[in-house]
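Have a look at the structure below before the remarks.
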Amino acid sequence: MYQNLTKQVLLSTAIVRIQDSLGNTRLARALLDSCSQFCFMTTRFSQQLKLRHVPENLTVQGIGGSRAVSRKLVVASVRARTSYISAFSRAMSFFLLPELTATLPAKRVEYESWRLPHDVQLADPRFSEPGEIDIIIGAEHFFDLLLEDRFKLTNDGPSLQNSVFGWIVAGTIPNKSVSCSPSSVTCSVAEIQEQLTKFWELESCRSASTQSVEESTCEEIFAETTTRDCDGKFVVSLPKRDHVIRQLEESRNAALRRFFSVVKHFQSNSEKKSVLATISAHCKRRFYWEICASRNCKS
């Protein structure tokens, strides 16, 4: 929300539902920003969702050349607040940052005099009240969210735009609709200079890791292969080493060659041939029970 002595602008916000790691949905306040190249989420909100983080570095440059760094990425399913509004649902990638914007709007907006229809489903029922932003939906999805209907609420005021999340309110706010001191709140994801300086100081003082190569590998495997099921339990896939698997494949071929050599030798001897038949029948029965057991486990 940009404010100066002559005009103030209301940015478009929406209340959306985001699916967490257990399949449940939580409400989030989203800023719909066509000027953002990527989608962003606050670290606080991602911790509430308990989503799996993927290491991904992104330098975010804001107004005046200020910068912030995101080191994690999450993927979450975003949908409308209720199915009555629309059946829209889409998976989006969000870069994590400690803070996205200041509260929007900066001051409460008096909209009672606007021509706001009573039968419209607002995307953000509390668009006029200052509140925190949990996510930013950028240009990658922005224009896919808009629908055709749009009209002005007042001659010199904001517009009402239909979207898959409901009707969003955005545009110039009449001066009489809000009373606050002149200020400038830029919609920038960059941290202020002092916080950014402290961040780089901490980065430069980072101590070297004391982990061994195997310990670091184990940590990477855990981060890449660990998930949670619907009951919240950890599910970890069995780690494998490619060079060991290749060695096992070579030993298997050698074992098969020895086995067929023994079979050929037994077949040439009448006494040993009967022993071979008994072993073969036993192996077939064992193979049959293993197949039955595996099918029961899958069912």
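By order of appearance in the structure tokens: chains A, B, ..., then residues from 1 within every chain, and ligands from 1 in the order shown.
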Hey, which bits of range 60-164 of chain A sit within 8 Å of range 13-32 of chain A, and for each residue what's the closest pair of atoms and how far apart in Å (one decimal), counting only C-alpha atoms, rows by chain and increasing number, as a Markdown table?
| residue | atom | partner | partner_atom | distance |
| --- | --- | --- | --- | --- |
| A:Ala76 | CA | A:Gln19 | CA | 6.3 |
| A:Ser77 | CA | A:Gln19 | CA | 5.5 |
| A:Val78 | CA | A:Ile18 | CA | 4.8 |
| A:Arg79 | CA | A:Arg17 | CA | 5.3 |
| A:Ala80 | CA | A:Val16 | CA | 5.2 |
| A:Arg81 | CA | A:Val16 | CA | 4.8 |
| A:Ala123 | CA | A:Ala14 | CA | 4.6 |
| A:Asp124 | CA | A:Ala14 | CA | 4.4 |
| A:Phe127 | CA | A:Thr13 | CA | 6.7 |
| A:Glu132 | CA | A:Arg29 | CA | 7.3 |
| A:Ile133 | CA | A:Arg29 | CA | 5.4 |
| A:Asp134 | CA | A:Arg29 | CA | 5.4 |
| A:Ile135 | CA | A:Ala30 | CA | 4.8 |
| A:Ile136 | CA | A:Leu31 | CA | 4.8 |
| A:Ile137 | CA | A:Leu32 | CA | 5.1 |
| A:Gly138 | CA | A:Leu32 | CA | 6.5 |
| A:Phe142 | CA | A:Leu32 | CA | 6.5 |
Item to check | Selection near Gln161 in chain A, 6 Å with only C-alpha atoms, sequence-local residues under 5 positions removed, as JSON, numbers by chain | outcome: {"A": [150, 167, 168]}
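The coordinates place CA of Ala91 in chain A at 20.3 Å from CA of Thr225 in chain A.
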Checklist outcome for this item: The distance between CA of Glu129 in chain A and CA of Leu10 in chain A is 11.1 Å
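Distances here use only C-alpha atoms; by that measure, the residue among A:Asp144, A:Leu160, A:Lys72, A:Pro130 closest to Pro117 in chain A is A:Leu160.
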Item to check | Length of the CA of Leu11 in chain A to CA of Gln47 in chain A vector [Å] | outcome: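 CA of Gln47 in chain A lies at a distance of 26.1 Å from CA of Leu11 in chain A.
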Checklist entry - Contacts of Ile221 in chain A at 12 Å or less, counting only C-alpha atoms, minus same-chain residues fewer than 2 places along, as number ranges by chain? => result A: 214-219, 223-227, 236-241
Could you dump the residues just selected with N, CA and C atoms as a PDB file, in the first residue's frame?
ATOM      1  N   GLU A 214      30.615 -39.013   5.641  1.00  0.00           N
ATOM      2  CA  GLU A 214      29.498 -39.947   5.783  1.00  0.00           C
ATOM      3  C   GLU A 214      28.358 -39.327   6.588  1.00  0.00           C
ATOM      4  N   GLU A 215      28.691 -38.556   7.635  1.00  0.00           N
ATOM      5  CA  GLU A 215      27.650 -37.903   8.428  1.00  0.00           C
ATOM      6  C   GLU A 215      26.900 -36.871   7.597  1.00  0.00           C
ATOM      7  N   SER A 216      27.615 -36.115   6.787  1.00  0.00           N
ATOM      8  CA  SER A 216      26.972 -35.132   5.915  1.00  0.00           C
ATOM      9  C   SER A 216      26.086 -35.819   4.885  1.00  0.00           C
ATOM     10  N   THR A 217      26.566 -36.958   4.351  1.00  0.00           N
ATOM     11  CA  THR A 217      25.766 -37.713   3.384  1.00  0.00           C
ATOM     12  C   THR A 217      24.488 -38.229   4.009  1.00  0.00           C
ATOM     13  N   CYS A 218      24.580 -38.745   5.242  1.00  0.00           N
ATOM     14  CA  CYS A 218      23.397 -39.231   5.954  1.00  0.00           C
ATOM     15  C   CYS A 218      22.384 -38.110   6.169  1.00  0.00           C
ATOM     16  N   GLU A 219      22.879 -36.932   6.510  1.00  0.00           N
ATOM     17  CA  GLU A 219      21.974 -35.801   6.728  1.00  0.00           C
ATOM     18  C   GLU A 219      21.272 -35.402   5.433  1.00  0.00           C
ATOM     19  N   ALA A 223      17.165 -35.573   4.616  1.00  0.00           N
ATOM     20  CA  ALA A 223      16.384 -34.425   4.145  1.00  0.00           C
ATOM     21  C   ALA A 223      15.676 -34.720   2.829  1.00  0.00           C
ATOM     22  N   GLU A 224      16.291 -35.531   1.974  1.00  0.00           N
ATOM     23  CA  GLU A 224      15.739 -35.793   0.642  1.00  0.00           C
ATOM     24  C   GLU A 224      14.711 -36.924   0.636  1.00  0.00           C
ATOM     25  N   THR A 225      14.831 -37.881   1.559  1.00  0.00           N
ATOM     26  CA  THR A 225      13.995 -39.089   1.474  1.00  0.00           C
ATOM     27  C   THR A 225      12.995 -39.234   2.604  1.00  0.00           C
ATOM     28  N   THR A 226      12.996 -38.335   3.570  1.00  0.00           N
ATOM     29  CA  THR A 226      12.102 -38.466   4.721  1.00  0.00           C
ATOM     30  C   THR A 226      10.804 -37.709   4.478  1.00  0.00           C
ATOM     31  N   THR A 227       9.688 -38.378   4.663  1.00  0.00           N
ATOM     32  CA  THR A 227       8.373 -37.770   4.551  1.00  0.00           C
ATOM     33  C   THR A 227       7.533 -38.180   5.764  1.00  0.00           C
ATOM     34  N   VAL A 236      10.790 -43.285   5.906  1.00  0.00           N
ATOM     35  CA  VAL A 236      12.138 -43.107   5.354  1.00  0.00           C
ATOM     36  C   VAL A 236      12.415 -44.253   4.385  1.00  0.00           C
ATOM     37  N   SER A 237      12.800 -43.902   3.170  1.00  0.00           N
ATOM     38  CA  SER A 237      13.147 -44.931   2.196  1.00  0.00           C
ATOM     39  C   SER A 237      14.512 -45.526   2.534  1.00  0.00           C
ATOM     40  N   LEU A 238      14.730 -46.764   2.113  1.00  0.00           N
ATOM     41  CA  LEU A 238      15.969 -47.470   2.423  1.00  0.00           C
ATOM     42  C   LEU A 238      17.128 -46.861   1.632  1.00  0.00           C
ATOM     43  N   PRO A 239      18.159 -46.352   2.305  1.00  0.00           N
ATOM     44  CA  PRO A 239      19.295 -45.770   1.567  1.00  0.00           C
ATOM     45  C   PRO A 239      20.096 -46.849   0.847  1.00  0.00           C
ATOM     46  N   LYS A 240      20.591 -46.496  -0.324  1.00  0.00           N
ATOM     47  CA  LYS A 240      21.367 -47.446  -1.124  1.00  0.00           C
ATOM     48  C   LYS A 240      22.637 -46.765  -1.614  1.00  0.00           C
ATOM     49  N   ARG A 241      23.652 -47.594  -1.809  1.00  0.00           N
ATOM     50  CA  ARG A 241      24.899 -47.119  -2.410  1.00  0.00           C
ATOM     51  C   ARG A 241      25.050 -47.773  -3.768  1.00  0.00           C
TER      52      ARG A 241
END
Next on the checklist: Taking only range 29-189 of chain A into account, list the residues labelled strand (DSSP E or B) by DSSP (computed from the backbone), as a PyMOL selection string.
Outcome noted: chain A and resi 29-32+39-42+54-61+67-79+89-97+104+122+131+135-137+146-152+159-163+166-173
